[in-house]
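Peer 1: Hey, dropping my_file_12.tsv in here, TSV, C-alpha atoms:
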chain	number	residue	atom	x	y	z
R	166	MET	CA	11.04	-14.79	-17.71
R	167	THR	CA	8.11	-13.33	-15.87
R	168	ALA	CA	8.22	-11.38	-12.66
R	169	LEU	CA	6.74	-14.36	-10.84
R	170	SER	CA	9.86	-16.41	-11.35
R	171	GLU	CA	11.82	-13.86	-9.36
R	172	ILE	CA	10.23	-14.92	-6.08
R	173	ARG	CA	12.97	-16.65	-4.13
R	174	HIS	CA	11.64	-16.98	-0.60
R	175	HIS	CA	8.59	-19.11	0.12
R	176	PRO	CA	6.58	-20.37	3.10
R	177	LYS	CA	7.79	-23.53	4.79
R	178	PRO	CA	5.90	-26.69	3.78
R	179	LEU	CA	4.23	-26.94	7.19
R	180	THR	CA	3.03	-23.33	6.95
R	181	LEU	CA	1.52	-23.90	3.52
R	182	ALA	CA	-0.09	-27.13	4.73
R	183	ALA	CA	-1.62	-25.37	7.74
R	184	TYR	CA	-2.97	-22.70	5.37
R	185	ALA	CA	-4.55	-25.35	3.14
R	186	ALA	CA	-5.99	-27.07	6.21
R	187	GLY	CA	-7.68	-23.81	7.21
R	188	ASN	CA	-5.72	-23.96	10.45
R	189	LEU	CA	-3.82	-20.64	10.34
R	190	ASP	CA	-4.98	-17.61	12.25
R	191	GLU	CA	-6.56	-14.96	10.09
R	192	ALA	CA	-3.50	-12.68	10.02
R	193	ARG	CA	-1.21	-15.47	8.79
R	194	ALA	CA	-3.85	-16.75	6.39
R	195	VAL	CA	-4.03	-13.31	4.74
R	196	VAL	CA	-0.25	-13.17	4.33
R	197	ILE	CA	-0.03	-16.67	2.88
R	198	ALA	CA	-3.06	-16.13	0.64
R	199	THR	CA	-1.43	-12.99	-0.74
R	200	HIS	CA	1.87	-14.76	-1.39
R	201	VAL	CA	0.04	-17.70	-2.97
R	202	SER	CA	-1.87	-15.34	-5.24
R	203	LEU	CA	1.49	-14.10	-6.54
R	204	CYS	CA	3.54	-17.31	-6.59
R	205	ALA	CA	2.75	-20.02	-9.12
R	206	ALA	CA	4.92	-22.61	-7.38
R	207	CYS	CA	3.18	-22.12	-4.04
R	208	ARG	CA	-0.20	-22.10	-5.74
R	209	LEU	CA	0.53	-25.56	-7.08
R	210	ALA	CA	1.87	-26.73	-3.71
R	211	ALA	CA	-1.14	-25.30	-1.84
R	212	ARG	CA	-3.46	-27.10	-4.22
R	213	ASP	CA	-1.59	-30.34	-3.48
R	214	TYR	CA	-2.13	-29.82	0.25
R	215	GLU	CA	-5.79	-29.10	-0.42
R	216	SER	CA	-5.93	-32.42	-2.25
R	217	ILE	CA	-4.52	-34.06	0.88
R	218	GLY	CA	-7.37	-32.34	2.73
R	219	ALA	CA	-9.81	-33.80	0.20
R	220	ALA	CA	-8.36	-37.27	0.77
R	221	CYS	CA	-8.82	-36.73	4.52
R	222	LEU	CA	-12.40	-35.59	4.01
R	223	GLU	CA	-13.19	-38.65	1.91
R	224	ALA	CA	-11.75	-40.84	4.68
R	225	VAL	CA	-13.86	-39.26	7.44
R	226	ASP	CA	-16.49	-41.47	9.07
R	227	PRO	CA	-19.73	-40.06	7.63
R	228	VAL	CA	-22.49	-38.85	9.97
R	229	ALA	CA	-25.93	-39.52	8.52
R	230	MET	CA	-27.77	-36.41	7.40
R	231	ASN	CA	-31.25	-35.75	8.80
R	232	ALA	CA	-33.92	-37.77	7.01
R	233	SER	CA	-35.35	-34.70	5.29
R	234	ALA	CA	-31.98	-33.17	4.36
R	235	LEU	CA	-32.10	-33.79	0.63
R	236	ASP	CA	-35.69	-32.52	0.39
R	237	SER	CA	-34.95	-29.38	2.34
R	238	PHE	CA	-31.79	-28.93	0.27
R	239	TRP	CA	-33.76	-28.83	-2.97
R	240	ALA	CA	-36.32	-26.51	-1.39
R	241	ARG	CA	-33.44	-24.11	-0.62
R	242	ALA	CA	-31.65	-24.61	-3.92
R	243	GLY	CA	-34.77	-23.91	-5.97
R	244	LYS	CA	-34.88	-20.34	-4.67
R	245	GLN	CA	-31.37	-19.37	-5.65
R	246	GLU	CA	-29.77	-18.38	-8.87
R	247	ARG	CA	-26.79	-20.37	-10.01
R	248	ALA	CA	-23.56	-18.53	-10.71
R	249	MET	CA	-22.47	-17.96	-14.26
R	250	ALA	CA	-19.00	-18.83	-15.44
R	251	PRO	CA	-16.53	-16.03	-14.71
R	252	ALA	CA	-16.32	-13.42	-17.46
R	253	SER	CA	-12.59	-13.13	-17.20
R	254	ALA	CA	-9.76	-14.21	-14.99
R	255	ILE	CA	-6.94	-12.05	-13.74
R	256	ALA	CA	-3.92	-12.57	-15.95
R	257	ALA	CA	-1.66	-15.20	-14.47
R	258	ASN	CA	1.31	-12.89	-14.55
R	259	ASP	CA	-0.43	-9.89	-13.04
R	260	PHE	CA	2.05	-8.67	-10.53
R	261	ALA	CA	0.12	-5.59	-9.44
R	262	LEU	CA	0.30	-6.16	-5.72
R	263	ASP	CA	-2.43	-3.65	-4.95
R	264	ALA	CA	-4.77	-5.85	-6.90
R	265	ALA	CA	-3.71	-9.03	-5.15
R	266	HIS	CA	-7.09	-10.44	-4.31
R	267	PRO	CA	-6.78	-11.58	-0.68
R	268	LEU	CA	-5.17	-8.39	0.54
R	269	ALA	CA	-7.36	-6.14	-1.61
R	270	SER	CA	-10.37	-7.17	0.48
R	271	TYR	CA	-8.63	-5.74	3.56
R	272	LEU	CA	-7.15	-2.65	1.87
R	273	LYS	CA	-10.03	-1.52	-0.26
R	274	ASP	CA	-8.28	1.58	-1.56
R	275	GLY	CA	-4.86	0.06	-2.08
R	276	LEU	CA	-1.45	0.73	-0.67
R	277	ASP	CA	-1.33	4.37	-1.75
R	278	ALA	CA	-4.37	5.34	0.29
R	279	ILE	CA	-3.00	4.10	3.59
R	280	GLU	CA	-2.76	6.60	6.43
R	281	TRP	CA	0.57	5.64	7.89
R	282	ARG	CA	1.30	6.20	11.56
R	283	PRO	CA	4.89	7.30	12.06
R	284	VAL	CA	6.58	5.38	14.87
R	285	ALA	CA	10.23	6.37	14.53
R	286	PRO	CA	12.31	8.21	11.94
R	287	GLY	CA	11.97	6.33	8.67
R	288	LEU	CA	9.51	3.89	10.16
R	289	ALA	CA	5.71	3.88	9.91
R	290	GLN	CA	3.05	1.27	10.39
R	291	VAL	CA	-0.64	0.58	10.25
R	292	VAL	CA	-2.47	-2.24	11.97
R	293	ILE	CA	-5.04	-4.02	9.83
R	294	PRO	CA	-8.08	-5.46	11.58
R	295	ALA	CA	-7.86	-9.18	10.90
R	296	GLU	CA	-8.66	-10.71	14.22
R	297	GLY	CA	-10.37	-13.93	13.35
R	298	TYR	CA	-11.40	-16.57	15.80
R	299	ARG	CA	-7.72	-17.40	16.25
R	300	PRO	CA	-5.79	-14.43	17.58
R	301	GLY	CA	-3.07	-12.94	15.43
R	302	VAL	CA	-1.72	-9.53	14.55
R	303	LEU	CA	-1.60	-8.20	10.98
R	304	ARG	CA	0.21	-4.99	10.14
R	305	LEU	CA	1.87	-3.12	7.34
R	306	LEU	CA	5.29	-1.68	8.01
R	307	LYS	CA	6.97	0.96	5.87
R	308	VAL	CA	10.72	1.33	6.21
R	309	SER	CA	12.66	4.07	4.44
R	310	PRO	CA	15.75	3.07	2.46
R	311	GLY	CA	18.78	2.84	4.72
R	312	VAL	CA	16.74	2.37	7.89
R	313	GLN	CA	17.37	-0.77	9.88
R	314	ILE	CA	14.85	-2.44	12.19
R	315	PRO	CA	16.44	-3.19	15.57
R	316	ARG	CA	17.68	-6.73	16.02
R	317	HIS	CA	14.83	-8.82	17.36
R	318	THR	CA	13.27	-12.25	17.70
R	319	HIS	CA	9.60	-13.06	17.85
R	320	GLY	CA	9.03	-15.81	20.38
R	321	ASP	CA	6.80	-17.40	17.75
R	322	GLU	CA	6.63	-17.72	14.00
R	323	GLU	CA	6.51	-14.48	12.02
R	324	LEU	CA	5.44	-14.19	8.42
R	325	THR	CA	6.66	-11.18	6.42
R	326	LEU	CA	5.66	-10.60	2.81
R	327	ILE	CA	7.38	-7.87	0.80
R	328	LEU	CA	4.89	-5.76	-1.13
R	329	ARG	CA	7.22	-2.99	-2.32
R	330	GLY	CA	10.91	-2.25	-2.19
R	331	SER	CA	13.39	-4.66	-0.67
R	332	TYR	CA	15.38	-5.44	2.43
R	333	THR	CA	18.35	-7.50	3.40
R	334	ASP	CA	19.08	-9.29	6.65
R	335	GLU	CA	20.89	-12.30	8.12
R	336	VAL	CA	18.52	-14.64	6.29
R	337	GLY	CA	18.94	-13.20	2.79
R	338	ASP	CA	17.78	-10.59	0.31
R	339	PHE	CA	14.03	-10.05	0.08
R	340	ALA	CA	12.13	-8.28	-2.70
R	341	ARG	CA	8.55	-7.99	-3.92
R	342	GLY	CA	6.61	-11.21	-3.47
R	343	ASP	CA	9.24	-12.82	-1.25
R	344	LEU	CA	8.00	-14.28	2.01
R	345	ALA	CA	10.11	-14.68	5.14
R	346	ASP	CA	8.74	-17.56	7.22
R	347	LEU	CA	10.75	-17.22	10.42
R	348	ASP	CA	10.50	-19.29	13.54
R	349	GLY	CA	10.85	-17.84	17.01
R	350	GLU	CA	14.58	-18.35	17.39
R	351	VAL	CA	15.69	-16.33	14.37
R	352	LEU	CA	17.42	-13.12	15.40
R	353	HIS	CA	17.44	-10.59	12.59
R	354	ALA	CA	17.85	-6.90	11.84
R	355	PRO	CA	16.30	-6.14	8.44
R	356	LEU	CA	17.83	-3.21	6.54
R	357	ALA	CA	15.71	-1.53	3.87
R	358	VAL	CA	17.69	-1.14	0.66
R	359	GLY	CA	17.06	0.37	-2.76
R	360	ASP	CA	15.39	3.59	-3.87
R	361	GLU	CA	11.87	3.26	-2.52
R	362	PRO	CA	10.47	2.53	0.94
R	363	CYS	CA	10.13	-1.13	1.76
R	364	ILE	CA	6.51	-2.01	2.53
R	365	CYS	CA	5.97	-5.32	4.29
R	366	LEU	CA	2.86	-7.18	5.33
R	367	ILE	CA	3.58	-8.87	8.64
R	368	ALA	CA	1.66	-11.45	10.65
R	369	THR	CA	2.73	-12.23	14.19
R	370	SER	CA	1.06	-13.89	17.11
R	371	ALA	CA	3.28	-12.48	19.82
R	372	PRO	CA	4.81	-9.04	20.43
R	373	LEU	CA	8.26	-8.66	18.92
R	374	ARG	CA	11.11	-8.96	21.37
R	375	PHE	CA	13.90	-6.49	20.71
R	376	ARG	CA	17.40	-7.34	21.78
R	377	THR	CA	19.20	-3.99	21.63
R	378	ILE	CA	19.06	-0.91	23.75
R	379	PHE	CA	17.67	1.02	20.82
R	380	GLY	CA	15.12	-1.73	20.39
R	381	ARG	CA	14.03	-1.63	23.99
R	382	LEU	CA	13.58	2.10	23.72
R	383	VAL	CA	11.72	2.05	20.46
R	384	GLN	CA	9.45	-0.89	21.19
R	385	PRO	CA	6.82	1.00	23.18
R	386	PHE	CA	6.43	3.50	20.34
R	387	ILE	CA	6.21	0.90	17.66
R	388	GLY	CA	3.79	-1.21	19.60
R	389	LEU	CA	5.01	-4.20	17.67
Z	229	MET	CA	-34.34	-40.65	2.58
Z	230	THR	CA	-32.44	-43.40	4.35
Z	231	ALA	CA	-29.03	-42.88	5.87
Z	232	PRO	CA	-26.73	-42.59	2.87
Z	233	GLY	CA	-23.81	-44.94	2.60
Z	234	PRO	CA	-20.79	-44.27	0.45
Z	235	ALA	CA	-21.56	-43.68	-3.19
Z	236	PRO	CA	-20.61	-46.53	-5.54
Z	237	ARG	CA	-16.86	-46.99	-5.59
Z	238	ALA	CA	-16.50	-46.13	-9.26
Z	239	LYS	CA	-17.98	-42.71	-8.58
Z	240	THR	CA	-15.51	-41.86	-5.84
Z	241	THR	CA	-12.47	-41.81	-8.08
Z	242	PRO	CA	-11.34	-38.27	-8.87
Z	243	GLU	CA	-12.41	-38.79	-12.47
Z	244	GLY	CA	-15.79	-40.18	-11.45
Z	245	MET	CA	-16.35	-37.20	-9.14
Z	246	ASN	CA	-15.25	-34.80	-11.86
Z	247	ALA	CA	-17.71	-36.37	-14.29
Z	248	LEU	CA	-20.56	-35.94	-11.81
Z	249	LEU	CA	-19.70	-32.32	-11.09
Z	250	LEU	CA	-19.33	-31.52	-14.78
Z	251	ARG	CA	-22.82	-32.93	-15.36
Z	252	VAL	CA	-24.07	-30.62	-12.61
Z	253	ALA	CA	-22.23	-27.68	-14.18
Z	254	GLY	CA	-23.29	-28.32	-17.75
Z	255	ASP	CA	-26.79	-29.71	-17.47
Z	256	ALA	CA	-27.88	-28.87	-13.91
Z	257	ASP	CA	-28.15	-32.65	-13.61
Z	258	ARG	CA	-29.94	-33.32	-10.31
Z	259	ASP	CA	-29.20	-37.06	-10.30
Z	260	ALA	CA	-25.50	-36.34	-10.59
Z	261	PHE	CA	-25.79	-33.75	-7.84
Z	262	ASN	CA	-27.69	-36.15	-5.58
Z	263	ALA	CA	-24.85	-38.66	-5.93
Z	264	LEU	CA	-22.36	-35.96	-4.84
Z	265	PHE	CA	-24.67	-34.94	-2.01
Z	266	LEU	CA	-25.04	-38.50	-0.71
Z	267	PHE	CA	-21.28	-38.96	-0.65
Z	268	PHE	CA	-20.09	-35.56	0.57
Z	269	ALA	CA	-22.84	-34.12	2.79
Z	270	PRO	CA	-22.48	-36.76	5.55
Z	271	ARG	CA	-18.71	-36.31	5.48
Z	272	ILE	CA	-18.91	-32.52	5.59
Z	273	LYS	CA	-21.36	-32.85	8.47
Z	274	SER	CA	-18.86	-35.06	10.28
Z	275	TYR	CA	-16.06	-32.57	9.46
Z	276	LEU	CA	-18.06	-29.69	10.95
Z	277	MET	CA	-18.96	-31.66	14.06
Z	278	LYS	CA	-15.22	-32.20	14.68
Z	279	ILE	CA	-14.88	-28.52	15.56
Z	280	GLY	CA	-17.82	-28.68	17.93
Z	281	ALA	CA	-20.84	-27.83	15.78
Z	282	ALA	CA	-23.99	-29.52	17.16
Z	283	ALA	CA	-25.53	-32.17	14.89
Z	284	ASP	CA	-28.42	-29.99	13.65
Z	285	LEU	CA	-26.18	-27.00	12.95
Z	286	ALA	CA	-23.67	-29.25	11.19
Z	287	ASP	CA	-26.50	-30.70	9.10
Z	288	ASP	CA	-27.60	-27.20	8.15
Z	289	LEU	CA	-24.06	-26.06	7.35
Z	290	ALA	CA	-23.38	-29.21	5.30
Z	291	GLN	CA	-26.47	-28.34	3.25
Z	292	GLU	CA	-25.12	-24.81	2.91
Z	293	ALA	CA	-21.78	-26.18	1.66
Z	294	MET	CA	-23.58	-28.33	-0.90
Z	295	LEU	CA	-25.67	-25.32	-1.87
Z	296	ARG	CA	-22.43	-23.51	-2.70
Z	297	VAL	CA	-21.39	-26.53	-4.77
Z	298	TRP	CA	-24.70	-26.42	-6.66
Z	299	ARG	CA	-24.65	-22.67	-7.22
Z	300	ARG	CA	-21.00	-22.40	-8.18
Z	301	ALA	CA	-20.69	-25.60	-10.20
Z	302	LYS	CA	-20.22	-23.58	-13.39
Z	303	LEU	CA	-17.05	-22.11	-11.87
Z	304	PHE	CA	-15.56	-25.58	-11.41
Z	305	ASP	CA	-12.56	-26.16	-13.67
Z	306	PRO	CA	-11.15	-29.71	-13.59
Z	307	ALA	CA	-7.82	-28.37	-14.88
Z	308	LYS	CA	-7.40	-26.38	-11.65
Z	309	ALA	CA	-8.63	-28.88	-9.06
Z	310	SER	CA	-10.39	-32.19	-8.91
Z	311	ALA	CA	-14.03	-32.13	-7.80
Z	312	SER	CA	-13.15	-33.61	-4.45
Z	313	THR	CA	-10.48	-30.97	-3.77
Z	314	TRP	CA	-12.80	-28.20	-4.93
Z	315	ILE	CA	-15.53	-29.42	-2.57
Z	316	PHE	CA	-13.02	-29.72	0.27
Z	317	THR	CA	-12.00	-26.06	-0.17
Z	318	ILE	CA	-15.67	-25.01	-0.14
Z	319	ALA	CA	-16.27	-26.95	3.09
Z	320	ARG	CA	-13.07	-25.58	4.63
Z	321	ASN	CA	-13.93	-21.97	3.78
Z	322	LEU	CA	-17.44	-22.44	5.11
Z	323	ARG	CA	-16.00	-23.85	8.33
Z	324	ILE	CA	-13.71	-20.83	8.68
Z	325	ASP	CA	-16.64	-18.48	8.02
Z	326	ALA	CA	-18.80	-20.31	10.55
Z	327	ALA	CA	-16.07	-20.19	13.20
Z	328	ARG	CA	-15.57	-16.46	12.62
Z	329	ARG	CA	-19.28	-15.79	12.92
Z	330	ALA	CA	-19.33	-17.80	16.16
Z	331	ALA	CA	-16.41	-15.75	17.49
Z	332	LYS	CA	-17.73	-12.39	16.28
Z	333	PRO	CA	-21.50	-12.58	15.88
Z	334	ASP	CA	-21.73	-8.96	14.73
Z	335	LEU	CA	-19.37	-9.50	11.81
Z	336	ASP	CA	-20.37	-7.83	8.56
Z	337	PRO	CA	-22.00	-10.61	6.55
Z	338	ASN	CA	-20.79	-8.95	3.35
Z	339	GLU	CA	-17.16	-9.18	4.34
Z	340	PRO	CA	-15.21	-11.03	1.67
Z	341	ALA	CA	-14.36	-14.63	2.38
Z	342	LEU	CA	-11.08	-15.10	4.16
Z	343	LEU	CA	-9.79	-17.63	1.70
Z	344	PRO	CA	-11.02	-16.77	-1.76
Z	345	ASP	CA	-10.64	-19.26	-4.55
Z	346	HIS	CA	-7.25	-18.79	-6.08
Z	347	GLU	CA	-7.54	-16.56	-9.12
Z	348	PRO	CA	-4.73	-17.20	-11.53
Z	349	GLU	CA	-3.39	-20.68	-12.07
Z	350	PRO	CA	0.11	-21.36	-13.30
Z	351	ASP	CA	0.34	-21.88	-17.01
Z	352	GLN	CA	1.63	-25.36	-16.38
Z	353	LEU	CA	-0.12	-28.32	-17.85
Z	354	ILE	CA	-0.95	-30.61	-14.99
Z	355	ASP	CA	-3.32	-33.50	-15.01
Z	356	ARG	CA	-5.03	-32.71	-11.72
Z	357	SER	CA	-7.05	-35.92	-11.67
Z	358	SER	CA	-4.10	-38.25	-11.90
Z	359	ARG	CA	-2.14	-36.03	-9.52
Z	360	ASP	CA	-4.97	-36.19	-6.99
Z	361	GLU	CA	-5.27	-39.95	-7.43
Z	362	LYS	CA	-1.56	-40.25	-6.56
Z	363	ILE	CA	-2.00	-37.96	-3.56
Z	364	ARG	CA	-4.92	-39.99	-2.33
Z	365	ALA	CA	-3.09	-43.29	-2.76
Z	366	ALA	CA	0.02	-41.95	-1.02
Z	367	PHE	CA	-2.10	-40.56	1.81
Z	368	SER	CA	-3.85	-43.93	2.30
Z	369	ALA	CA	-0.48	-45.68	2.37
Z	370	LEU	CA	1.00	-43.49	5.11
Z	371	PRO	CA	2.14	-45.25	8.28
Z	372	PRO	CA	-0.64	-45.04	10.90
Z	373	ALA	CA	1.25	-42.56	13.10
Z	374	GLN	CA	1.68	-40.12	10.18
Z	375	TYR	CA	-1.84	-40.71	8.84
Z	376	GLU	CA	-3.21	-39.83	12.26
Z	377	VAL	CA	-1.44	-36.46	12.59
Z	378	VAL	CA	-2.36	-35.42	9.04
Z	379	LYS	CA	-6.02	-36.19	9.72
Z	380	LEU	CA	-5.97	-34.36	13.05
Z	381	HIS	CA	-4.50	-31.32	11.29
Z	382	PHE	CA	-6.83	-31.22	8.29
Z	383	ILE	CA	-10.06	-32.61	9.74
Z	384	ASP	CA	-10.00	-31.92	13.46
Z	385	ASP	CA	-8.53	-28.47	12.83
Z	386	LEU	CA	-5.82	-28.93	15.43
Z	387	ALA	CA	-2.68	-26.78	15.29
Z	388	HIS	CA	0.68	-28.51	15.75
Z	389	SER	CA	0.77	-27.73	19.47
Z	390	GLU	CA	-2.80	-28.96	19.90
Z	391	ILE	CA	-1.98	-32.24	18.17
Z	392	ALA	CA	1.00	-32.62	20.51
Z	393	GLU	CA	-1.29	-32.09	23.47
Z	394	ARG	CA	-3.95	-34.48	22.18
Z	395	LEU	CA	-1.45	-37.29	21.56
Z	396	SER	CA	0.89	-36.48	24.48
Z	397	LEU	CA	3.80	-36.11	22.09
Z	398	PRO	CA	6.59	-33.53	21.94
Z	399	LEU	CA	5.84	-30.71	19.48
Z	400	GLY	CA	8.94	-31.63	17.48
Z	401	THR	CA	7.65	-35.17	16.97
Z	402	VAL	CA	4.34	-33.88	15.62
Z	403	LYS	CA	6.10	-31.54	13.20
Z	404	SER	CA	8.51	-34.21	12.00
Z	405	ARG	CA	5.65	-36.69	11.46
Z	406	LEU	CA	3.81	-34.12	9.36
Z	407	ARG	CA	6.97	-33.28	7.42
Z	408	LEU	CA	7.68	-36.97	6.75
Z	409	ALA	CA	4.10	-37.53	5.63
Z	410	PHE	CA	4.19	-34.61	3.19
Z	411	GLU	CA	7.62	-35.63	1.88
Z	412	LYS	CA	6.35	-39.16	1.22
Z	413	ILE	CA	3.35	-37.81	-0.66
Z	414	ARG	CA	5.53	-35.44	-2.69
Z	415	LYS	CA	7.86	-38.32	-3.56
Z	416	GLU	CA	4.93	-40.23	-5.01
Z	417	LEU	CA	4.21	-37.20	-7.18
Z	418	GLY	CA	7.74	-37.36	-8.51
Z	419	ASP	CA	8.56	-33.90	-7.12
Z	420	CYS	CA	11.98	-33.31	-5.74
Z	421	VAL	CA	11.89	-33.10	-1.96
Z	422	GLU	CA	13.56	-30.14	-0.31
Would you encode the structure as structure tokens?
Peer 2:
Amino acid sequence: MTALSEIRHHPKPLTLAAYAAGNLDEARAVVIATHVSLCAACRLAARDYESIGAACLEAVDPVAMNASALDSFWARAGKQERAMAPASAIAANDFALDAAHPLASYLKDGLDAIEWRPVAPGLAQVVIPAEGYRPGVLRLLKVSPGVQIPRHTHGDEELTLILRGSYTDEVGDFARGDLADLDGEVLHAPLAVGDEPCICLIATSAPLRFRTIFGRLVQPFIGL
Amino acid sequence: MTAPGPAPRAKTTPEGMNALLLRVAGDADRDAFNALFLFFAPRIKSYLMKIGAAADLADDLAQEAMLRVWRRAKLFDPAKASASTWIFTIARNLRIDAARRAAKPDLDPNEPALLPDHEPEPDQLIDRSSRDEKIRAAFSALPPAQYEVVKLHFIDDLAHSEIAERLSLPLGTVKSRLRLAFEKIRKELGDCVE
């Protein structure tokens, strides 16, 4: 079996549909795009939702183009080179997360070049600029093995994609490529497990709400 | 050029669209491209006007979308997506780009597209054309209430809460209508429903 088949946690159908519709905020879209680039099953499902989008587009009431549109189109097209077929495609089973296409465009030098900002013992983060026209917050979080994030909820959906390492919480065990698609009510306290730090890509739309004394103390430092 | 109506019915099947786009890809066939343009450009214009683009801007952006179709036609692979789905993703990505530029006019124009074409495809053998034909038939057969929310989501670019507001429905009702619609479509594909 390939590494891809090990992915056990996937986005909810409505999340994947919103991604295919182009309706997610930029932070969530990056997280889903990265998961989709790694997960064959979700790639197929996303393509199905895009086909629903195509069916919707075909069913739209057309608005007549300007009378000169086709002429001006060919005037524009004549000036431009057409693309050649791609020389090569990334191997389908490439599981090198640093090379995952959607995220690579935001982290040009990869995960190892990140300048982490420590926020608490065993906890570091970096905020990635991804503020599209819909507000959202995208960040990377690095949690040392054995460190537990204070119990919290989100007030809104949170998407967490595991890039390295693994964690366990009330929802299940999460490893590379797994995506936690949590709604606002889920209360969880992820614990990083294994030998290496757990690096997660997280999209939220609202500040995290901690529910423990430790959480309330640590929240201002984390800025989550 | 007169106002274009729908292209001949035979051409609007996924296979008919694929054949047209493959002629564009292989032979730079302008007649085939014109048929695609006449069908899709007025719909992409309509799609862009749904998010508030003025008619002239939408016209210009629809031409830009079709320009991407023309320039990238060689990258089209019917095993990965039908022509119609491929063109939808181009229009959708262009709409996202346009909305970002409107929100942040000083954005670096060289910044990579938010939603790149998916790179690797699963090594599964899927007949995308017949799959898309089933999806389209199942979509057309949805009950009106479900059809409406799917269209508002994909075409009008409304989030779940915005659909709820537009239709004066509880958020839960909107989500369950979408879920039911997608489950129905998946059933027609013969996939097991979660």
Peer 1: List as a PyMOL selection string the protein and nucleic acid residues near region 265-278 of chain Z, meaning an atom at most 7 Å away when all atoms listed in the file are counted, but skip any in the same chain fewer than 4 places from it.
Peer 2: (chain R and resi 222-223+225-230) or (chain Z and resi 232+234-235+261+282-283+286-287+290-291+294+319+323+383-384)
Peer 1: Go through R:Ala240, R:Leu235, R:Val358, R:Leu326 and flag the residue nearest Asn262 (chain Z), using only C-alpha atoms for the distances.
Peer 2: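 Using only C-alpha atoms, Asn262 (chain Z) sits closest to R:Leu235.
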Peer 1: Could you tell me which of R:Leu328, R:Ile279, R:Asp321, R:Ala234 comes closest to Leu289 (chain Z) if we count all atoms listed in the file?
Peer 2: R:Ala234
Peer 1: What's the separation between CA of Tyr184 (chain R) and CA of Asp385 (chain Z), in Å to one decimal place?
Peer 2: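 Separation between CA of Tyr184 (chain R) and CA of Asp385 (chain Z): 10.9 Å.
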Peer 1: If you count only C-alpha atoms, which residues fall within 9 Å of Ser389 (chain Z), apart from same-chain ones fewer than 3 positions away, as a ChimeraX atom specification?
Peer 2: /Z:386,392-394,398-399,402
Peer 1: Filtering to C-alpha atoms, could you give me those residues as a PDB file, keeping the file's coordinate frame?
Peer 2:
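Saved as again-v1.pdb:
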ATOM      1  CA  LEU Z 386      -5.820 -28.930  15.430  1.00  0.00           C
ATOM      2  CA  ALA Z 392       1.000 -32.620  20.510  1.00  0.00           C
ATOM      3  CA  GLU Z 393      -1.290 -32.090  23.470  1.00  0.00           C
ATOM      4  CA  ARG Z 394      -3.950 -34.480  22.180  1.00  0.00           C
ATOM      5  CA  PRO Z 398       6.590 -33.530  21.940  1.00  0.00           C
ATOM      6  CA  LEU Z 399       5.840 -30.710  19.480  1.00  0.00           C
ATOM      7  CA  VAL Z 402       4.340 -33.880  15.620  1.00  0.00           C
TER       8      VAL Z 402
END
Peer 1: Show which residues sit within 7 Å of Ser216 (chain R), as a list in words. Count all atoms listed in the file, and ignore same-chain residues fewer than 5 positions away.
Peer 2: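 Skipping anything fewer than 5 positions along the chain leaves Thr313, Asp360 and Ile363 of chain Z.
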Peer 1: Work out how far apart CA of Ile217 (chain R) and CA of Asn231 (chain R) are and give it in Å to one decimal.
Peer 2: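 CA of Asn231 (chain R) lies 27.9 Å from CA of Ile217 (chain R).
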Peer 1: Do you know which residues are at most 9 Å from Val195 (chain R) counting all atoms listed in the file, after dropping those on the same chain fewer than 5 positions away, and could you put them as a ChimeraX atom specification?
Peer 2: /R:190,200,267-268,271,295,303,368 /Z:342-343
Peer 1: Counting all atoms listed in the file, figure out which residue out of Z:Leu295, Z:Ala253, Z:Leu370, Z:Ile391 gets nearest to chain R.
Peer 2: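 Ranking Z:Leu295, Z:Ala253, Z:Leu370, Z:Ile391 by distance to chain R, first place goes to Z:Leu295.
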Peer 1: Quick one: pull the distance between CA of Ala224 (chain R) and CA of Ala309 (chain Z), Å, one decimal.
Peer 2: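 Calculated distance between CA of Ala224 (chain R) and CA of Ala309 (chain Z) is 18.5 Å.
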